[in-house]
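Student: Dropping in protein08.pdb, with PDB, C-alpha atoms.
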```pdb
ATOM      1  CA  MET A   4     -95.280  79.916-178.464  1.00  0.00           C
ATOM      2  CA  THR A   5     -99.053  80.085-178.062  1.00  0.00           C
ATOM      3  CA  PRO A   6    -100.636  82.379-175.451  1.00  0.00           C
ATOM      4  CA  GLU A   7    -101.892  79.281-173.624  1.00  0.00           C
ATOM      5  CA  THR A   8     -98.348  77.907-173.386  1.00  0.00           C
ATOM      6  CA  VAL A   9     -96.983  81.224-172.123  1.00  0.00           C
ATOM      7  CA  PHE A  10     -99.748  81.388-169.520  1.00  0.00           C
ATOM      8  CA  TYR A  11     -99.037  77.837-168.353  1.00  0.00           C
ATOM      9  CA  VAL A  12     -95.252  78.324-168.146  1.00  0.00           C
ATOM     10  CA  SER A  13     -95.646  81.609-166.270  1.00  0.00           C
ATOM     11  CA  GLY A  14     -98.124  79.944-163.919  1.00  0.00           C
ATOM     12  CA  VAL A  15     -95.651  77.185-163.066  1.00  0.00           C
ATOM     13  CA  MET A  16     -92.872  79.731-162.567  1.00  0.00           C
ATOM     14  CA  TRP A  17     -95.126  81.907-160.400  1.00  0.00           C
ATOM     15  CA  LEU A  18     -95.977  79.003-158.111  1.00  0.00           C
ATOM     16  CA  ALA A  19     -92.351  77.827-157.893  1.00  0.00           C
ATOM     17  CA  ALA A  20     -90.975  81.315-157.192  1.00  0.00           C
ATOM     18  CA  SER A  21     -93.691  82.026-154.603  1.00  0.00           C
ATOM     19  CA  LEU A  22     -92.984  78.901-152.589  1.00  0.00           C
ATOM     20  CA  GLN A  23     -89.231  79.417-152.977  1.00  0.00           C
ATOM     21  CA  GLY A  24     -89.629  82.831-151.381  1.00  0.00           C
ATOM     22  CA  VAL A  25     -91.535  81.440-148.393  1.00  0.00           C
ATOM     23  CA  ALA A  26     -89.895  78.057-147.810  1.00  0.00           C
ATOM     24  CA  GLY A  27     -86.408  79.135-148.870  1.00  0.00           C
ATOM     25  CA  PHE A  28     -85.930  76.334-151.407  1.00  0.00           C
ATOM     26  CA  GLY A  29     -87.699  74.394-154.118  1.00  0.00           C
ATOM     27  CA  PHE A  30     -87.805  76.636-157.198  1.00  0.00           C
ATOM     28  CA  MET A  31     -86.184  74.118-159.529  1.00  0.00           C
ATOM     29  CA  MET A  32     -87.716  71.106-157.782  1.00  0.00           C
ATOM     30  CA  LEU A  33     -91.200  72.532-158.317  1.00  0.00           C
ATOM     31  CA  ALA A  34     -90.740  73.982-161.783  1.00  0.00           C
ATOM     32  CA  VAL A  35     -89.111  70.932-163.400  1.00  0.00           C
ATOM     33  CA  PRO A  36     -91.989  68.424-163.011  1.00  0.00           C
ATOM     34  CA  GLY A  37     -94.532  71.014-164.093  1.00  0.00           C
ATOM     35  CA  LEU A  38     -92.662  71.875-167.283  1.00  0.00           C
ATOM     36  CA  ILE A  39     -91.334  68.490-168.440  1.00  0.00           C
ATOM     37  CA  LEU A  40     -94.912  67.293-168.845  1.00  0.00           C
ATOM     38  CA  GLY A  41     -95.272  69.659-171.793  1.00  0.00           C
ATOM     39  CA  ALA A  42     -91.748  70.093-173.169  1.00  0.00           C
ATOM     40  CA  PRO A  43     -88.611  67.947-173.613  1.00  0.00           C
ATOM     41  CA  ALA A  44     -86.184  67.921-170.691  1.00  0.00           C
ATOM     42  CA  GLN A  45     -83.486  69.044-173.132  1.00  0.00           C
ATOM     43  CA  VAL A  46     -85.433  72.306-173.495  1.00  0.00           C
ATOM     44  CA  VAL A  47     -86.737  72.650-169.932  1.00  0.00           C
ATOM     45  CA  VAL A  48     -83.444  72.225-168.050  1.00  0.00           C
ATOM     46  CA  PRO A  49     -81.461  74.970-169.870  1.00  0.00           C
ATOM     47  CA  ALA A  50     -84.537  77.229-169.783  1.00  0.00           C
ATOM     48  CA  LEU A  51     -84.867  76.922-166.013  1.00  0.00           C
ATOM     49  CA  ILE A  52     -81.172  77.558-165.482  1.00  0.00           C
ATOM     50  CA  LEU A  53     -81.477  80.672-167.630  1.00  0.00           C
ATOM     51  CA  THR A  54     -84.608  81.777-165.780  1.00  0.00           C
ATOM     52  CA  TRP A  55     -82.910  81.435-162.402  1.00  0.00           C
ATOM     53  CA  LEU A  56     -80.326  84.118-163.234  1.00  0.00           C
ATOM     54  CA  PRO A  57     -82.445  87.226-162.430  1.00  0.00           C
ATOM     55  CA  LEU A  58     -84.101  85.629-159.388  1.00  0.00           C
ATOM     56  CA  GLY A  59     -80.789  84.321-158.085  1.00  0.00           C
ATOM     57  CA  THR A  60     -79.047  87.665-158.648  1.00  0.00           C
ATOM     58  CA  VAL A  61     -81.664  89.500-156.585  1.00  0.00           C
ATOM     59  CA  GLN A  62     -81.408  86.970-153.753  1.00  0.00           C
ATOM     60  CA  VAL A  63     -77.600  87.052-153.704  1.00  0.00           C
ATOM     61  CA  VAL A  64     -77.586  90.860-153.558  1.00  0.00           C
ATOM     62  CA  GLN A  65     -80.002  90.750-150.631  1.00  0.00           C
ATOM     63  CA  LEU A  66     -78.109  88.037-148.714  1.00  0.00           C
ATOM     64  CA  ARG A  67     -74.515  88.818-149.711  1.00  0.00           C
ATOM     65  CA  ALA A  68     -73.488  89.860-146.193  1.00  0.00           C
ATOM     66  CA  ASN A  69     -74.124  86.341-144.865  1.00  0.00           C
ATOM     67  CA  VAL A  70     -72.588  84.343-147.734  1.00  0.00           C
ATOM     68  CA  ASP A  71     -69.821  81.950-146.670  1.00  0.00           C
ATOM     69  CA  TRP A  72     -67.457  82.665-149.555  1.00  0.00           C
ATOM     70  CA  GLY A  73     -64.993  79.942-148.571  1.00  0.00           C
ATOM     71  CA  LEU A  74     -67.682  77.264-148.556  1.00  0.00           C
ATOM     72  CA  LEU A  75     -69.085  78.686-151.786  1.00  0.00           C
ATOM     73  CA  ALA A  76     -65.720  78.382-153.556  1.00  0.00           C
ATOM     74  CA  TYR A  77     -65.325  74.798-152.309  1.00  0.00           C
ATOM     75  CA  LEU A  78     -68.759  73.698-153.532  1.00  0.00           C
ATOM     76  CA  VAL A  79     -68.649  75.506-156.873  1.00  0.00           C
ATOM     77  CA  GLY A  80     -65.149  74.205-157.581  1.00  0.00           C
ATOM     78  CA  SER A  81     -66.292  70.627-156.931  1.00  0.00           C
ATOM     79  CA  ALA A  82     -69.484  71.079-158.953  1.00  0.00           C
ATOM     80  CA  ALA A  83     -67.554  72.352-161.968  1.00  0.00           C
ATOM     81  CA  PHE A  84     -66.137  68.872-162.566  1.00  0.00           C
ATOM     82  CA  GLY A  85     -69.633  67.341-162.668  1.00  0.00           C
ATOM     83  CA  LEU A  86     -71.272  69.877-164.971  1.00  0.00           C
ATOM     84  CA  PRO A  87     -70.005  68.437-168.290  1.00  0.00           C
ATOM     85  CA  LEU A  88     -71.111  64.918-167.344  1.00  0.00           C
ATOM     86  CA  GLY A  89     -74.614  66.066-166.483  1.00  0.00           C
ATOM     87  CA  ALA A  90     -74.900  67.983-169.752  1.00  0.00           C
ATOM     88  CA  VAL A  91     -73.776  64.933-171.763  1.00  0.00           C
ATOM     89  CA  ILE A  92     -76.391  62.776-170.015  1.00  0.00           C
ATOM     90  CA  LEU A  93     -79.065  65.367-170.798  1.00  0.00           C
ATOM     91  CA  ARG A  94     -78.054  65.612-174.462  1.00  0.00           C
ATOM     92  CA  GLU A  95     -77.626  61.902-175.147  1.00  0.00           C
ATOM     93  CA  THR A  96     -80.687  60.528-173.319  1.00  0.00           C
ATOM     94  CA  ASP A  97     -83.983  60.339-175.199  1.00  0.00           C
ATOM     95  CA  THR A  98     -86.818  62.598-174.064  1.00  0.00           C
ATOM     96  CA  GLU A  99     -89.052  59.909-172.546  1.00  0.00           C
ATOM     97  CA  THR A 100     -86.262  58.289-170.550  1.00  0.00           C
ATOM     98  CA  MET A 101     -85.044  61.684-169.385  1.00  0.00           C
ATOM     99  CA  ARG A 102     -88.523  62.692-168.219  1.00  0.00           C
ATOM    100  CA  GLN A 103     -88.955  59.498-166.245  1.00  0.00           C
ATOM    101  CA  GLY A 104     -85.415  59.736-164.917  1.00  0.00           C
ATOM    102  CA  ILE A 105     -85.930  63.284-163.667  1.00  0.00           C
ATOM    103  CA  GLY A 106     -89.209  62.199-162.059  1.00  0.00           C
ATOM    104  CA  GLY A 107     -87.417  59.380-160.267  1.00  0.00           C
ATOM    105  CA  VAL A 108     -84.600  61.685-159.146  1.00  0.00           C
ATOM    106  CA  LEU A 109     -87.119  64.173-157.738  1.00  0.00           C
ATOM    107  CA  LEU A 110     -88.874  61.438-155.778  1.00  0.00           C
ATOM    108  CA  ALA A 111     -85.585  60.147-154.374  1.00  0.00           C
ATOM    109  CA  LEU A 112     -84.345  63.607-153.425  1.00  0.00           C
ATOM    110  CA  ALA A 113     -87.626  64.553-151.746  1.00  0.00           C
ATOM    111  CA  LEU A 114     -87.484  61.362-149.677  1.00  0.00           C
ATOM    112  CA  LEU A 115     -83.827  61.879-148.795  1.00  0.00           C
ATOM    113  CA  LEU A 116     -84.594  65.347-147.451  1.00  0.00           C
ATOM    114  CA  GLN A 117     -86.822  63.703-144.840  1.00  0.00           C
ATOM    115  CA  MET A 118     -84.139  61.372-143.513  1.00  0.00           C
ATOM    116  CA  LYS A 119     -82.481  61.985-140.181  1.00  0.00           C
ATOM    117  CA  PRO A 120     -78.944  63.187-140.879  1.00  0.00           C
ATOM    118  CA  GLY A 121     -77.174  61.469-137.978  1.00  0.00           C
ATOM    119  CA  ALA A 122     -73.925  62.642-136.397  1.00  0.00           C
ATOM    120  CA  PRO A 123     -71.643  65.034-138.312  1.00  0.00           C
ATOM    121  CA  LEU A 124     -68.779  63.547-140.301  1.00  0.00           C
ATOM    122  CA  ARG A 125     -65.342  63.975-138.776  1.00  0.00           C
ATOM    123  CA  HIS A 126     -63.629  64.567-142.119  1.00  0.00           C
ATOM    124  CA  GLU A 127     -65.818  66.971-144.025  1.00  0.00           C
ATOM    125  CA  GLY A 128     -63.515  67.796-146.948  1.00  0.00           C
ATOM    126  CA  ALA A 129     -64.157  64.616-148.935  1.00  0.00           C
ATOM    127  CA  ALA A 130     -67.898  64.910-148.302  1.00  0.00           C
ATOM    128  CA  ARG A 131     -67.889  68.468-149.642  1.00  0.00           C
ATOM    129  CA  VAL A 132     -66.126  67.358-152.820  1.00  0.00           C
ATOM    130  CA  GLY A 133     -68.486  64.407-153.302  1.00  0.00           C
ATOM    131  CA  ALA A 134     -71.645  66.412-152.652  1.00  0.00           C
ATOM    132  CA  GLY A 135     -70.416  69.223-154.883  1.00  0.00           C
ATOM    133  CA  PHE A 136     -69.622  66.859-157.749  1.00  0.00           C
ATOM    134  CA  ILE A 137     -73.019  65.114-157.521  1.00  0.00           C
ATOM    135  CA  ALA A 138     -74.741  68.485-157.317  1.00  0.00           C
ATOM    136  CA  GLY A 139     -72.888  69.592-160.450  1.00  0.00           C
ATOM    137  CA  VAL A 140     -74.044  66.543-162.405  1.00  0.00           C
ATOM    138  CA  LEU A 141     -77.618  67.148-161.247  1.00  0.00           C
ATOM    139  CA  ALA A 142     -77.406  70.877-162.007  1.00  0.00           C
ATOM    140  CA  SER A 143     -76.577  70.569-165.695  1.00  0.00           C
ATOM    141  CA  GLY A 144     -78.541  67.349-166.203  1.00  0.00           C
ATOM    142  CA  THR A 145     -81.761  68.107-164.332  1.00  0.00           C
ATOM    143  CA  SER A 146     -81.385  71.723-163.055  1.00  0.00           C
ATOM    144  CA  VAL A 147     -82.048  70.382-159.508  1.00  0.00           C
ATOM    145  CA  SER A 148     -78.791  70.489-157.551  1.00  0.00           C
ATOM    146  CA  GLY A 149     -79.723  71.626-154.050  1.00  0.00           C
ATOM    147  CA  PRO A 150     -80.675  68.456-152.131  1.00  0.00           C
ATOM    148  CA  PRO A 151     -77.174  66.878-151.904  1.00  0.00           C
ATOM    149  CA  LEU A 152     -75.853  70.128-150.458  1.00  0.00           C
ATOM    150  CA  VAL A 153     -78.822  70.561-148.131  1.00  0.00           C
ATOM    151  CA  LEU A 154     -78.340  67.020-146.843  1.00  0.00           C
ATOM    152  CA  LEU A 155     -74.652  67.640-146.162  1.00  0.00           C
ATOM    153  CA  GLY A 156     -75.346  71.024-144.562  1.00  0.00           C
ATOM    154  CA  VAL A 157     -77.919  69.539-142.212  1.00  0.00           C
ATOM    155  CA  LYS A 158     -75.682  66.602-141.319  1.00  0.00           C
ATOM    156  CA  GLN A 159     -72.696  68.839-140.628  1.00  0.00           C
ATOM    157  CA  ARG A 160     -74.893  71.368-138.818  1.00  0.00           C
ATOM    158  CA  TRP A 161     -73.646  74.321-140.795  1.00  0.00           C
ATOM    159  CA  GLN A 162     -74.760  77.672-139.414  1.00  0.00           C
ATOM    160  CA  THR A 163     -78.282  78.110-140.800  1.00  0.00           C
ATOM    161  CA  ASP A 164     -78.305  81.773-141.832  1.00  0.00           C
ATOM    162  CA  ARG A 165     -74.949  81.570-143.587  1.00  0.00           C
ATOM    163  CA  PHE A 166     -75.858  78.354-145.369  1.00  0.00           C
ATOM    164  CA  ARG A 167     -79.215  79.741-146.533  1.00  0.00           C
ATOM    165  CA  ALA A 168     -77.404  82.755-147.928  1.00  0.00           C
ATOM    166  CA  THR A 169     -74.693  80.636-149.547  1.00  0.00           C
ATOM    167  CA  LEU A 170     -77.100  78.327-151.405  1.00  0.00           C
ATOM    168  CA  PRO A 171     -78.557  81.005-153.745  1.00  0.00           C
ATOM    169  CA  ALA A 172     -75.024  82.204-154.482  1.00  0.00           C
ATOM    170  CA  TYR A 173     -74.052  78.623-155.301  1.00  0.00           C
ATOM    171  CA  PHE A 174     -77.065  78.163-157.587  1.00  0.00           C
ATOM    172  CA  LEU A 175     -76.277  81.432-159.362  1.00  0.00           C
ATOM    173  CA  ALA A 176     -72.593  80.570-159.880  1.00  0.00           C
ATOM    174  CA  VAL A 177     -73.369  77.073-161.147  1.00  0.00           C
ATOM    175  CA  SER A 178     -76.089  78.411-163.456  1.00  0.00           C
ATOM    176  CA  VAL A 179     -73.587  80.816-165.004  1.00  0.00           C
ATOM    177  CA  LEU A 180     -71.099  77.963-165.488  1.00  0.00           C
ATOM    178  CA  CYS A 181     -73.804  75.791-167.066  1.00  0.00           C
ATOM    179  CA  LEU A 182     -74.648  78.265-169.814  1.00  0.00           C
ATOM    180  CA  PRO A 183     -71.492  77.908-171.977  1.00  0.00           C
ATOM    181  CA  ILE A 184     -71.576  74.116-171.555  1.00  0.00           C
ATOM    182  CA  HIS A 185     -75.211  73.925-172.668  1.00  0.00           C
ATOM    183  CA  TRP A 186     -74.477  76.355-175.502  1.00  0.00           C
ATOM    184  CA  GLU A 187     -71.563  74.257-176.739  1.00  0.00           C
ATOM    185  CA  MET A 188     -73.767  71.137-176.710  1.00  0.00           C
ATOM    186  CA  ASP A 189     -76.616  72.970-178.491  1.00  0.00           C
ATOM    187  CA  LEU A 190     -78.904  72.595-175.477  1.00  0.00           C
ATOM    188  CA  LEU A 191     -79.146  76.344-174.948  1.00  0.00           C
ATOM    189  CA  ASN A 192     -80.976  77.193-178.156  1.00  0.00           C
ATOM    190  CA  ARG A 193     -83.931  79.146-179.471  1.00  0.00           C
ATOM    191  CA  ALA A 194     -86.514  76.802-177.935  1.00  0.00           C
ATOM    192  CA  SER A 195     -84.981  76.939-174.447  1.00  0.00           C
ATOM    193  CA  VAL A 196     -84.586  80.726-174.597  1.00  0.00           C
ATOM    194  CA  GLN A 197     -88.218  81.149-175.663  1.00  0.00           C
ATOM    195  CA  LEU A 198     -89.361  78.943-172.789  1.00  0.00           C
ATOM    196  CA  ALA A 199     -87.248  80.939-170.334  1.00  0.00           C
ATOM    197  CA  VAL A 200     -88.544  84.290-171.582  1.00  0.00           C
ATOM    198  CA  SER A 201     -92.156  83.112-171.399  1.00  0.00           C
ATOM    199  CA  GLY A 202     -91.666  82.275-167.712  1.00  0.00           C
ATOM    200  CA  LEU A 203     -90.106  85.599-166.651  1.00  0.00           C
ATOM    201  CA  PRO A 204     -93.452  87.320-165.858  1.00  0.00           C
ATOM    202  CA  GLY A 205     -94.326  84.431-163.565  1.00  0.00           C
ATOM    203  CA  VAL A 206     -90.933  84.623-161.838  1.00  0.00           C
ATOM    204  CA  ALA A 207     -91.345  88.363-161.204  1.00  0.00           C
ATOM    205  CA  LEU A 208     -94.879  87.918-159.875  1.00  0.00           C
ATOM    206  CA  GLY A 209     -93.822  84.913-157.800  1.00  0.00           C
ATOM    207  CA  TYR A 210     -90.960  86.851-156.224  1.00  0.00           C
ATOM    208  CA  ALA A 211     -93.390  89.562-155.106  1.00  0.00           C
ATOM    209  CA  THR A 212     -95.896  86.958-153.923  1.00  0.00           C
ATOM    210  CA  GLY A 213     -93.227  85.175-151.917  1.00  0.00           C
ATOM    211  CA  ILE A 214     -92.288  88.383-150.103  1.00  0.00           C
ATOM    212  CA  TRP A 215     -95.952  89.068-149.315  1.00  0.00           C
ATOM    213  CA  LEU A 216     -96.558  85.543-148.024  1.00  0.00           C
ATOM    214  CA  LYS A 217     -93.361  85.372-145.989  1.00  0.00           C
ATOM    215  CA  GLU A 218     -94.451  88.362-143.919  1.00  0.00           C
ATOM    216  CA  ARG A 219     -97.744  86.678-143.052  1.00  0.00           C
ATOM    217  CA  VAL A 220     -97.070  82.980-142.644  1.00  0.00           C
ATOM    218  CA  GLY A 221     -94.245  80.792-141.373  1.00  0.00           C
ATOM    219  CA  GLY A 222     -92.050  78.888-143.776  1.00  0.00           C
ATOM    220  CA  ALA A 223     -92.161  75.549-141.932  1.00  0.00           C
ATOM    221  CA  ARG A 224     -95.584  74.505-143.211  1.00  0.00           C
ATOM    222  CA  PHE A 225     -94.633  75.465-146.738  1.00  0.00           C
ATOM    223  CA  ARG A 226     -91.667  73.070-146.644  1.00  0.00           C
ATOM    224  CA  TRP A 227     -94.199  70.248-146.520  1.00  0.00           C
ATOM    225  CA  VAL A 228     -96.208  71.863-149.301  1.00  0.00           C
ATOM    226  CA  VAL A 229     -93.105  72.081-151.480  1.00  0.00           C
ATOM    227  CA  LEU A 230     -92.022  68.504-150.779  1.00  0.00           C
ATOM    228  CA  GLY A 231     -95.555  67.185-151.323  1.00  0.00           C
ATOM    229  CA  MET A 232     -95.802  68.925-154.682  1.00  0.00           C
ATOM    230  CA  VAL A 233     -92.347  67.713-155.695  1.00  0.00           C
ATOM    231  CA  MET A 234     -93.243  64.132-154.893  1.00  0.00           C
ATOM    232  CA  GLY A 235     -96.565  64.446-156.710  1.00  0.00           C
ATOM    233  CA  GLY A 236     -94.864  65.936-159.764  1.00  0.00           C
ATOM    234  CA  GLY A 237     -92.204  63.235-159.691  1.00  0.00           C
ATOM    235  CA  LEU A 238     -94.836  60.502-159.585  1.00  0.00           C
ATOM    236  CA  VAL A 239     -96.708  62.020-162.512  1.00  0.00           C
ATOM    237  CA  ALA A 240     -93.481  62.317-164.541  1.00  0.00           C
ATOM    238  CA  VAL A 241     -92.609  58.670-163.881  1.00  0.00           C
ATOM    239  CA  MET A 242     -96.057  57.224-164.507  1.00  0.00           C
ATOM    240  CA  LEU A 243     -97.203  59.146-167.588  1.00  0.00           C
TER
END
```
Translate the structure described by the file into structure tokens.
Tutor:
Amino acid sequence: MTPETVFYVSGVMWLAASLQGVAGFGFMMLAVPGLILGAPAQVVVPALILTWLPLGTVQVVQLRANVDWGLLAYLVGSAAFGLPLGAVILRETDTETMRQGIGGVLLALALLLQMKPGAPLRHEGAARVGAGFIAGVLASGTSVSGPPLVLLGVKQRWQTDRFRATLPAYFLAVSVLCLPIHWEMDLLNRASVQLAVSGLPGVALGYATGIWLKERVGGARFRWVVLGMVMGGGLVAVML
């Protein structure tokens, strides 16, 4: 990879990791549109999943005391059934269609996150399974799996601190499960590994930047920054 490419990839990762640290979400949603403009989705998605591993591990270690392990097992177990389907879609769909599809998914998810959740569901079990399965398909197919779970968590009014701690653990577990599936389908290859490695400096710098920013500004305003950038990136991916 050229130095310019490495600089660009690290820049995208730095921005995504910084805003993730402040707003508490959005790493994948921000990184995907920035990277699929310059590389095939079949390379970007496995690379981002691979890149998340060190960042996710650090966050899980920090938040492990608040993780809801029962909820985590429920969601990961449901997601596991959707992972192969998402990987097949990623492998079998041509690059241009995949790029536009991911852009459309990002737009839809960003809009859904702004909807009022309404009253909690009385029977949550089926909703957990459904949201977990959809999140699994999105995880291996687009690397963006958080919004369905966030929507369900908000609707069901899950305890905020425990849910925020459980999400990174979920992302880490699903990322680990994605790796052998992507490897078997030849999606995790030399190109995706090179892209992931080139973004690691940006992830490390972004993690430090996020900590620095979080101590000085509130996360609420950055939620709008993240969602605005996601929607802008989704529009660019769809239109170009």
Student: Exactly which residues make up the result of the PyMOL selection byres ((chain A and resi 200) around 12) on this file, given as a VMD selection string?
Tutor: chain A and resid 4 8 to 10 12 to 13 16 47 49 to 57 193 to 199 201 to 207
Student: Expand the PyMOL selection byres ((chain A and resi 104) around 12) into the explicit residue set it covers here, and present it as a short mmCIF file (atom, residue, chain, number, x, y, z; two decimals) with C-alpha atoms, keeping the file's coordinate frame.
Tutor:
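Printed below is result.cif as written:
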```cif
data_model
loop_
_atom_site.label_atom_id
_atom_site.label_comp_id
_atom_site.auth_asym_id
_atom_site.auth_seq_id
_atom_site.Cartn_x
_atom_site.Cartn_y
_atom_site.Cartn_z
CA VAL A 35 -89.11 70.93 -163.40
CA PRO A 36 -91.99 68.42 -163.01
CA ILE A 39 -91.33 68.49 -168.44
CA ALA A 44 -86.18 67.92 -170.69
CA ILE A 92 -76.39 62.78 -170.02
CA LEU A 93 -79.06 65.37 -170.80
CA THR A 96 -80.69 60.53 -173.32
CA ASP A 97 -83.98 60.34 -175.20
CA THR A 98 -86.82 62.60 -174.06
CA GLU A 99 -89.05 59.91 -172.55
CA THR A 100 -86.26 58.29 -170.55
CA MET A 101 -85.04 61.68 -169.38
CA ARG A 102 -88.52 62.69 -168.22
CA GLN A 103 -88.96 59.50 -166.24
CA ILE A 105 -85.93 63.28 -163.67
CA GLY A 106 -89.21 62.20 -162.06
CA GLY A 107 -87.42 59.38 -160.27
CA VAL A 108 -84.60 61.68 -159.15
CA LEU A 109 -87.12 64.17 -157.74
CA LEU A 110 -88.87 61.44 -155.78
CA ALA A 111 -85.58 60.15 -154.37
CA LEU A 141 -77.62 67.15 -161.25
CA GLY A 144 -78.54 67.35 -166.20
CA THR A 145 -81.76 68.11 -164.33
CA GLY A 237 -92.20 63.24 -159.69
CA LEU A 238 -94.84 60.50 -159.58
CA VAL A 239 -96.71 62.02 -162.51
CA ALA A 240 -93.48 62.32 -164.54
CA VAL A 241 -92.61 58.67 -163.88
CA MET A 242 -96.06 57.22 -164.51
#
```
Student: Restricting the calculation to all atoms listed in the file: of A:Ala42, A:Gly213, A:Leu88, A:Ser178, which residue gets closest to Ser146 of chain A?
Tutor: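 Going through A:Ala42, A:Gly213, A:Leu88, A:Ser178 one by one, the smallest distance to Ser146 of chain A is for A:Ser178.
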Student: What does the distance from atom CA of Leu190 of chain A to atom CA of Gln45 of chain A come to in Å, to one decimal?
Tutor: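 Computing it gives 6.3 Å between the two atoms.
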Student: Between atom CA of Pro171 of chain A and atom CA of Gln62 of chain A, what is the spacing in Å?
Tutor: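 Atom-to-atom, atom CA of Gln62 of chain A to atom CA of Pro171 of chain A, that is 6.6 Å.
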Student: What does the structure give for the distance between atom CA of Trp17 of chain A and atom CA of Met32 of chain A, in Å to one decimal?
Tutor: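 Spanning atom CA of Trp17 of chain A to atom CA of Met32 of chain A is a straight-line distance of 13.4 Å.
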Student: Calculated over only C-alpha atoms, which of the candidates A:Met31, A:Arg167, A:Pro150, A:Leu155 has the smallest distance to Leu124 of chain A?
Tutor: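 Checking each of A:Met31, A:Arg167, A:Pro150, A:Leu155 against Leu124 of chain A, counting only C-alpha atoms, the winner is A:Leu155.
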Student: Let me know the residues the PyMOL selection byres ((chain A and resi 212) around 10) catches in the file above, as a PyMOL selection string.
Tutor: chain A and resi 17-18+20-22+24-25+206-211+213-217
Student: Those same residues, written as a short mmCIF file (atom, residue, chain, number, x, y, z; two decimals), keeping the file's coordinate frame with C-alpha atoms?
Tutor:
```
data_model
loop_
_atom_site.label_atom_id
_atom_site.label_comp_id
_atom_site.auth_asym_id
_atom_site.auth_seq_id
_atom_site.Cartn_x
_atom_site.Cartn_y
_atom_site.Cartn_z
CA TRP A 17 -95.13 81.91 -160.40
CA LEU A 18 -95.98 79.00 -158.11
CA ALA A 20 -90.98 81.32 -157.19
CA SER A 21 -93.69 82.03 -154.60
CA LEU A 22 -92.98 78.90 -152.59
CA GLY A 24 -89.63 82.83 -151.38
CA VAL A 25 -91.54 81.44 -148.39
CA VAL A 206 -90.93 84.62 -161.84
CA ALA A 207 -91.34 88.36 -161.20
CA LEU A 208 -94.88 87.92 -159.88
CA GLY A 209 -93.82 84.91 -157.80
CA TYR A 210 -90.96 86.85 -156.22
CA ALA A 211 -93.39 89.56 -155.11
CA GLY A 213 -93.23 85.18 -151.92
CA ILE A 214 -92.29 88.38 -150.10
CA TRP A 215 -95.95 89.07 -149.32
CA LEU A 216 -96.56 85.54 -148.02
CA LYS A 217 -93.36 85.37 -145.99
#
```
Student: Just the residues within 12 Å of Glu187 of chain A, please, counting only C-alpha atoms, with nothing from its chain fewer than 5 positions along; format it as a ChimeraX atom specification.
Tutor: /A:87,90-91,94,180-182,192
Student: Using only C-alpha atoms, pick whichever of A:Trp72, A:Phe30, A:Phe84, A:Tyr77 has the shortest atom-to-atom distance to Ile184 of chain A.
Tutor: A:Phe84
Student: Write out as number ranges by chain which residues come within 12 Å of Trp161 of chain A when counting all atoms listed in the file, dropping same-chain ones fewer than 4 positions away.
Tutor: A: 71, 74, 123-124, 127, 152-157, 165-170
Student: With distances taken over all atoms listed in the file, which of A:Val15, A:Ala130, A:Met188, A:Val147 is nearest to Leu78 of chain A?
Tutor: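 Under the stated criterion, the closest residue is A:Ala130.
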Student: Rank A:Thr5, A:Leu33, A:Gln23, A:Arg131 by their smallest atom-to-atom distance to Gly59 of chain A, using only C-alpha atoms, and report the top residue only.
Tutor: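 The closest residue to Gly59 of chain A is A:Gln23.
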Student: Between A:Thr60, A:Ser81, A:Gln65, A:Thr163, which has the minimum distance to Gly133 of chain A (counting only C-alpha atoms)?
Tutor: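 Using only C-alpha atoms, Gly133 of chain A sits closest to A:Ser81.
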Student: Scan for residues within 10 Å of the point (-79.5, 63.6, -150.4) in the coordinates of the file, using only C-alpha atoms, and reply as a PyMOL selection string.
Tutor: chain A and resi 111-118+120+134+137-138+148-155
Student: For segment 16-21 of chain A, what centre and edge lengths in Å (one decimal) does the axis-aligned box get once 4 Å is added on each side of all its listed atoms, as AutoDock Vina command-line options?
Tutor:
```
--center_x -93.5 --center_y 79.9 --center_z -158.6 --size_x 13.0 --size_y 12.2 --size_z 16.0
```
Student: Generate the coordinates of N, CA, C and O atoms for segment 119-124 of chain A; report them as a PDB file, in the coordinates of the input.
Tutor:
```pdb
ATOM      1  N   LYS A 119     -83.250  61.424-141.270  1.00  0.00           N
ATOM      2  CA  LYS A 119     -82.481  61.985-140.181  1.00  0.00           C
ATOM      3  C   LYS A 119     -81.005  61.970-140.555  1.00  0.00           C
ATOM      4  O   LYS A 119     -80.471  60.945-140.988  1.00  0.00           O
ATOM      5  N   PRO A 120     -80.318  63.088-140.376  1.00  0.00           N
ATOM      6  CA  PRO A 120     -78.944  63.187-140.879  1.00  0.00           C
ATOM      7  C   PRO A 120     -77.911  62.423-140.075  1.00  0.00           C
ATOM      8  O   PRO A 120     -76.844  62.093-140.592  1.00  0.00           O
ATOM      9  N   GLY A 121     -78.161  62.153-138.801  1.00  0.00           N
ATOM     10  CA  GLY A 121     -77.174  61.469-137.978  1.00  0.00           C
ATOM     11  C   GLY A 121     -76.072  62.410-137.524  1.00  0.00           C
ATOM     12  O   GLY A 121     -76.130  63.631-137.702  1.00  0.00           O
ATOM     13  N   ALA A 122     -75.030  61.846-136.944  1.00  0.00           N
ATOM     14  CA  ALA A 122     -73.925  62.642-136.397  1.00  0.00           C
ATOM     15  C   ALA A 122     -73.087  63.232-137.530  1.00  0.00           C
ATOM     16  O   ALA A 122     -72.965  62.646-138.613  1.00  0.00           O
ATOM     17  N   PRO A 123     -72.498  64.409-137.292  1.00  0.00           N
ATOM     18  CA  PRO A 123     -71.643  65.034-138.312  1.00  0.00           C
ATOM     19  C   PRO A 123     -70.437  64.159-138.650  1.00  0.00           C
ATOM     20  O   PRO A 123     -69.933  63.412-137.810  1.00  0.00           O
ATOM     21  N   LEU A 124     -69.980  64.258-139.880  1.00  0.00           N
ATOM     22  CA  LEU A 124     -68.779  63.547-140.301  1.00  0.00           C
ATOM     23  C   LEU A 124     -67.545  64.221-139.710  1.00  0.00           C
ATOM     24  O   LEU A 124     -67.476  65.446-139.625  1.00  0.00           O
TER      25      LEU A 124
END
```
